[in-house]
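Notes follow the structure.
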Amino acid sequence: MVVSRRAALKTFAGAAGLAALSGCRVVEGGPPANTQGLSKKPAPGRRVNITFYSLFGGVDGQGWVELARRFESVQDEIGVEVVYAPPTGQGEQQKLLVSIAAGDPPDLAMVIPFQVPQWAELGIMTDLTDLVRSAGLGERDFLPAVWQGMRWRDRVWQLQWDVDPNFPFYWNKRLFRECGLDPERPPRTISEVNEFSRHITRVGRAGADRAGLVPWQVAGFANAAFTWGFAFGGDFVDPRTGQVTPDDERVVAAVDWMAGYARSLGGAERLNVAPPTLQMNPFGYGHMGMAPLGPRSVTQILEARPDFEYGSTLLPYEPPGASKPGAGTWIGGWGAFIPSEARHPEAAWEFLRWFSATPEGTLAEFETVNYPPGYLGSPAMEQMRADPILRPSYDAMLAATHIKPSLPETNYFSQQLEIHVARAVYGEVSAKEALGVVKENTRREAERFKNQMGL
């Protein structure tokens with residue numbers, strides 16, 4: 001069912017797409033102070049010109065302009081106009097949504113994979129299934145979790161060009177050594193995390209000035225709930241009913257563990273392991289023993305502290321729900337889609353396929369925009385494996401089997417987790433109570449969406 005553009009825009013506004021919760025690398029707020037180099041006109045003399053909306057600022061946005069130029073250099077039929085369309089407020093793509101509502105969308109734009117079910121149901125995405133098949137692409141060509149995120153109701157709606165593995169796990173070797181722990185042996189299970197933390201954590205009158213782990217500091221409370229919920233072996237969706245299950249006993253156990261960890265530090269508000277004005281990830285200040293991190297945080301730490309001594313491994317897990325390290329790892333990132341009213345869908349597909357699912361194009365994206373691809377045939381995979389900073393992310397990518405729940409109400413679900421998991425961590429309610437509220441509120445939102453869309 002294709003709804004009116006006015007109804008689509010109203011639904012977007014009501015659902016409040018939370019790009020800020022998609023992972024640890026999301027662009028927020030208004031445009032940067034200098035927008036130079038974030039847009040470009042198409043190369044002259046082309047048979048057809050497509051318009052691509054880029055929401056990235058800074059060097060990432062400049063990378064997209066360079067990537068479009070590289071595409072133009074390898075063929076002479078298609079020109080690419082890059083239009084800088086930054087997100088606003090809570091991360092909504094306002095310029096994109098307004099253009100869709102007005103019936104004048106770009107030929108290509110960005111989407112967070114967990115937004116696909118809602119956007120597909122709204123009728124604003126082009127079904128790419130036949131194009132994917134015609135190009136000889138299939139499940140075998142992508143990371144398993146990426147293939148999940150590209151599909152809804154057994155159809156392909158976007159190609160995921162960026163993989164954000166949430167998360168590799170790091171430990172501070174120097175702090176391990178100082179606390180009598182083997183600096184070359186990381187924890188494999190949550191029980192070992194707890195044991196190691198007892199050696200590291202130090203709580204004084206002013207609060208905890210040293211902590212083994214801060215489990216809720218994982219790019220937000222919602223992302224922390226997903227990460228540790230999966231690590232405990234929890235499920236966030238009932239496959240039979242399609243309803244969210246934050247009250248799954250193992251998800252509840254994970255959030256209860258997070259809340260218990262906060263209590264062991266004297267309360268989440270009494271954590272004092274980094275300066276109030278952060279210049280880098282708190283792990284880099286040397287007072288945390290372990291942390292899930294992304295490669296950009298590690299690079300930031302090493303730029304400030306070149307002698308920082310760390311190790312990396314896969315996320316610890318909690319048996320019997322989970323059975324191996326890395327069970328908690330899930331894939332976020334970005335995809336790109338062709339709006340259903342795009343003027344040049346065939347040409348847009350050629351650009352999309354090139355930078356998302358060809359060896360040459362994915363390597364060009366990795367070299368310009370610098371984000372890991374989800375296409376297994378990309379030469380960038382080998383480059384990541386050989387890079388000491390990126391190797392932990394490479395290992396996590398291969399271990400990951402999870403994505404955020406792929407449902408029309410996932411945005412709202414993430415919002416609710418962000419609010420109510422925080423309440424549990426700060427001791428306002430129990431984990432079971434918090435997640436029960438999340439489930440009920442999300443159930444109501446799912447019904448609202450279905451009724452509005454006539455589903």
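By order in the structure tokens, chains are A, B, ...; within a chain, residues start at 1; ligands start at 1, following the order shown.
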* If we count only C-alpha atoms, what is near Met258 in chain A at a cut-off of 10 Å, once residues fewer than 4 positions away on the same chain are taken out, given as an NGL selection string? -> :A and (213-216 or 224-225 or 228 or 252-254 or 262-264 or 268 or 421-422 or 424-426 or 431)
* Who sits within 6 Å of range 171-185 of chain A, only C-alpha atoms, same chain under 3 positions skipped, as a ChimeraX atom specification -> /A:199-200,289-290,309-311
* **In range 136-299 of chain A, DSSP strand (DSSP E or B) residues written as a ChimeraX atom specification** => /A:142,151-152,155-156,159-160,164-166,169-172,189,202-204,207-211,237,244,271,288,290-292
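For the pair CA of Thr88 in chain A and CA of Gly57 in chain A, the interatomic distance is 12.3 Å.
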Excluding same-chain residues fewer than 6 positions from Ser356 in chain A, what lies within 8 Å of it counting only C-alpha atoms, as a PDB file with C-alpha atoms, in the first residue's frame?
```pdb
ATOM      1  CA  LEU A 159      22.180  -1.866  -0.130  1.00  0.00           C
ATOM      2  CA  GLN A 160      24.224  -1.468   3.030  1.00  0.00           C
ATOM      3  CA  TRP A 161      27.503   0.189   2.133  1.00  0.00           C
ATOM      4  CA  THR A 362      33.580  -0.665  -2.266  1.00  0.00           C
ATOM      5  CA  PRO A 373      31.777  -2.280   3.543  1.00  0.00           C
ATOM      6  CA  GLY A 374      29.306  -5.109   3.998  1.00  0.00           C
ATOM      7  CA  TYR A 375      30.192  -6.707   0.651  1.00  0.00           C
TER       8      TYR A 375
END
```
* Structure fact -> Residue with the minimum atom-to-atom distance to Ala206 in chain A, picked from A:Glu303, A:Asp235, A:Glu382, A:Glu269 with only C-alpha atoms counted, is A:Glu269
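Interatomic distance, CA of Thr329 in chain A against CA of Ala400 in chain A: 5.0 Å.
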List the neighbours of Tyr53 in chain A out to 9 Å using only C-alpha atoms; skip same-chain residues closer than 6 positions along the sequence, and give me the result as a compact mmCIF listing (two decimals) with all heavy atoms, in the first residue's frame.
```txt
# COMPACT_ATOMS: atom_id res chain seq x y z
N GLU A 81 25.20 14.52 -9.06
CA GLU A 81 25.13 15.74 -8.27
C GLU A 81 25.02 15.35 -6.80
O GLU A 81 24.10 14.62 -6.42
CB GLU A 81 23.93 16.59 -8.66
CG GLU A 81 23.82 17.87 -7.83
CD GLU A 81 22.61 18.71 -8.16
OE1 GLU A 81 21.70 18.20 -8.86
OE2 GLU A 81 22.56 19.87 -7.72
N VAL A 82 25.94 15.81 -5.98
CA VAL A 82 25.90 15.54 -4.54
C VAL A 82 25.33 16.78 -3.86
O VAL A 82 25.86 17.89 -4.02
CB VAL A 82 27.30 15.22 -3.98
CG1 VAL A 82 27.23 15.01 -2.47
CG2 VAL A 82 27.87 13.99 -4.67
N VAL A 83 24.26 16.60 -3.11
CA VAL A 83 23.62 17.69 -2.38
C VAL A 83 23.78 17.42 -0.89
O VAL A 83 23.35 16.37 -0.40
CB VAL A 83 22.12 17.80 -2.74
CG1 VAL A 83 21.45 18.87 -1.89
CG2 VAL A 83 21.96 18.09 -4.22
N TYR A 84 24.40 18.35 -0.19
CA TYR A 84 24.56 18.20 1.26
C TYR A 84 23.20 18.44 1.92
O TYR A 84 22.63 19.53 1.83
CB TYR A 84 25.59 19.18 1.78
CG TYR A 84 25.80 19.14 3.28
CD1 TYR A 84 25.95 17.93 3.95
CD2 TYR A 84 25.85 20.32 4.02
CE1 TYR A 84 26.15 17.89 5.32
CE2 TYR A 84 26.06 20.30 5.40
CZ TYR A 84 26.20 19.09 6.03
OH TYR A 84 26.40 19.06 7.39
N ALA A 85 22.67 17.42 2.60
CA ALA A 85 21.36 17.48 3.23
C ALA A 85 21.50 17.01 4.67
O ALA A 85 21.17 15.87 5.00
CB ALA A 85 20.36 16.60 2.47
N PRO A 86 22.03 17.87 5.55
CA PRO A 86 22.36 17.44 6.91
C PRO A 86 21.13 17.08 7.73
O PRO A 86 20.03 17.61 7.49
CB PRO A 86 23.06 18.67 7.50
CG PRO A 86 22.47 19.82 6.76
CD PRO A 86 22.27 19.31 5.36
N LYS A 95 15.38 17.41 5.13
CA LYS A 95 15.38 17.81 3.72
C LYS A 95 14.89 16.66 2.84
O LYS A 95 14.12 16.86 1.90
CB LYS A 95 16.78 18.26 3.30
CG LYS A 95 16.87 18.78 1.87
CD LYS A 95 18.29 19.26 1.56
CE LYS A 95 18.40 19.76 0.12
NZ LYS A 95 17.64 21.03 -0.07
N LEU A 96 15.34 15.45 3.17
CA LEU A 96 14.90 14.29 2.41
C LEU A 96 13.40 14.07 2.55
O LEU A 96 12.69 13.85 1.56
CB LEU A 96 15.67 13.05 2.87
CG LEU A 96 15.18 11.70 2.31
CD1 LEU A 96 15.36 11.65 0.80
CD2 LEU A 96 15.91 10.55 2.99
N PRO A 106 15.27 12.98 -4.24
CA PRO A 106 16.51 12.71 -4.98
C PRO A 106 16.44 11.31 -5.61
O PRO A 106 15.52 10.54 -5.34
CB PRO A 106 17.58 12.77 -3.89
CG PRO A 106 16.86 12.33 -2.66
CD PRO A 106 15.47 12.89 -2.79
N ASP A 107 17.43 11.00 -6.40
CA ASP A 107 17.49 9.67 -7.01
C ASP A 107 18.08 8.64 -6.05
O ASP A 107 17.85 7.44 -6.22
CB ASP A 107 18.34 9.71 -8.28
CG ASP A 107 17.71 10.60 -9.34
OD1 ASP A 107 16.62 10.25 -9.83
OD2 ASP A 107 18.29 11.65 -9.66
N LEU A 108 18.82 9.13 -5.06
CA LEU A 108 19.50 8.23 -4.13
C LEU A 108 19.67 8.95 -2.81
O LEU A 108 19.97 10.15 -2.78
CB LEU A 108 20.86 7.84 -4.69
CG LEU A 108 21.59 6.63 -4.10
CD1 LEU A 108 20.79 5.35 -4.29
CD2 LEU A 108 22.97 6.49 -4.77
N ALA A 109 19.47 8.24 -1.68
CA ALA A 109 19.60 8.85 -0.36
C ALA A 109 19.98 7.79 0.66
O ALA A 109 19.98 6.59 0.37
CB ALA A 109 18.28 9.53 0.04
N MET A 110 20.28 8.23 1.86
CA MET A 110 20.74 7.36 2.93
C MET A 110 19.57 6.82 3.76
O MET A 110 18.54 7.47 3.90
CB MET A 110 21.69 8.10 3.86
CG MET A 110 22.95 8.60 3.19
SD MET A 110 23.96 7.24 2.58
CE MET A 110 25.39 8.16 2.01
```
* Tell me which protein, DNA and RNA residues are within 7 Å of range 432-436 of chain A, counting only C-alpha atoms, leaving out same-chain ones fewer than 2 positions away, and put them as a list in words. => Pro246, Asp247, Val252, His420, Val421, Ala424, Val429, Ser430, Val438, Lys439 and Glu440 of chain A
Those same residues - N, CA and C atoms - I'd like them written as a PDB file, in the first residue's frame.
```pdb
ATOM      1  N   PRO A 246      11.321  -7.082  24.879  1.00  0.00           N
ATOM      2  CA  PRO A 246      12.353  -6.611  25.808  1.00  0.00           C
ATOM      3  C   PRO A 246      12.251  -7.266  27.175  1.00  0.00           C
ATOM      4  N   ASP A 247      11.086  -7.889  27.466  1.00  0.00           N
ATOM      5  CA  ASP A 247      10.916  -8.582  28.734  1.00  0.00           C
ATOM      6  C   ASP A 247      11.380 -10.034  28.679  1.00  0.00           C
ATOM      7  N   VAL A 252      16.169  -9.133  30.404  1.00  0.00           N
ATOM      8  CA  VAL A 252      15.965  -8.604  31.761  1.00  0.00           C
ATOM      9  C   VAL A 252      17.197  -8.862  32.612  1.00  0.00           C
ATOM     10  N   HIS A 420      14.018   4.105  29.463  1.00  0.00           N
ATOM     11  CA  HIS A 420      13.681   3.261  30.607  1.00  0.00           C
ATOM     12  C   HIS A 420      14.839   2.393  31.085  1.00  0.00           C
ATOM     13  N   VAL A 421      15.771   2.026  30.197  1.00  0.00           N
ATOM     14  CA  VAL A 421      16.976   1.347  30.688  1.00  0.00           C
ATOM     15  C   VAL A 421      17.781   2.298  31.556  1.00  0.00           C
ATOM     16  N   ALA A 424      16.404   2.203  34.978  1.00  0.00           N
ATOM     17  CA  ALA A 424      16.819   1.008  35.719  1.00  0.00           C
ATOM     18  C   ALA A 424      18.259   1.142  36.204  1.00  0.00           C
ATOM     19  N   VAL A 429      13.740   2.222  38.962  1.00  0.00           N
ATOM     20  CA  VAL A 429      12.817   1.090  38.845  1.00  0.00           C
ATOM     21  C   VAL A 429      13.652  -0.168  38.644  1.00  0.00           C
ATOM     22  N   SER A 430      13.035  -1.320  38.789  1.00  0.00           N
ATOM     23  CA  SER A 430      13.739  -2.570  38.522  1.00  0.00           C
ATOM     24  C   SER A 430      13.873  -2.776  37.020  1.00  0.00           C
ATOM     25  N   VAL A 438       8.622  -0.626  28.481  1.00  0.00           N
ATOM     26  CA  VAL A 438       9.090  -0.536  27.096  1.00  0.00           C
ATOM     27  C   VAL A 438       8.222  -1.398  26.185  1.00  0.00           C
ATOM     28  N   LYS A 439       7.939  -2.611  26.625  1.00  0.00           N
ATOM     29  CA  LYS A 439       7.148  -3.523  25.792  1.00  0.00           C
ATOM     30  C   LYS A 439       5.741  -2.984  25.557  1.00  0.00           C
ATOM     31  N   GLU A 440       5.084  -2.528  26.617  1.00  0.00           N
ATOM     32  CA  GLU A 440       3.718  -2.064  26.490  1.00  0.00           C
ATOM     33  C   GLU A 440       3.638  -0.797  25.633  1.00  0.00           C
TER      34      GLU A 440
END
```
* To do: Within 10 Å of range 144-158 of chain A, counting only C-alpha atoms, which residues show up once you throw out same-chain ones fewer than 5 positions away? Write them as a PyMOL selection string, please.
  => chain A and resi 109-121+125-133+138-139+163+165+330-339+352+356+373-376+397-408
* Asked: Which is closest to His344 in chain A among A:Ile419, A:Leu315, A:Ala43, A:Ile78, if we use only C-alpha atoms?
  -> A:Ile78
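Backbone DSSP over range 41-113 of chain A yields alpha helix (DSSP H) at Gly58, Val59, Asp60, Gly61, Gln62, Gly63, Trp64, Val65, Glu66, Leu67, Ala68, Arg69, Arg70, Phe71, Glu72, Ser73, Val74, Gln94, Lys95, Leu96, Leu97, Val98, Ser99, Ile100 and Ala101 of chain A.
Here CA of Arg250 in chain A and CA of Asn223 in chain A stand 15.8 Å from one another.
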* **All residues 9 Å or closer to Gln36 in chain A, only C-alpha atoms, same chain fewer than 2 positions away omitted, as a ChimeraX atom specification** => /A:34,38-39,58,62
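Candidate residues A:Glu77, A:Glu428, A:Asp60, A:Glu318 were compared for distance to Glu350 in chain A, and the nearest is A:Glu77, using only C-alpha atoms.
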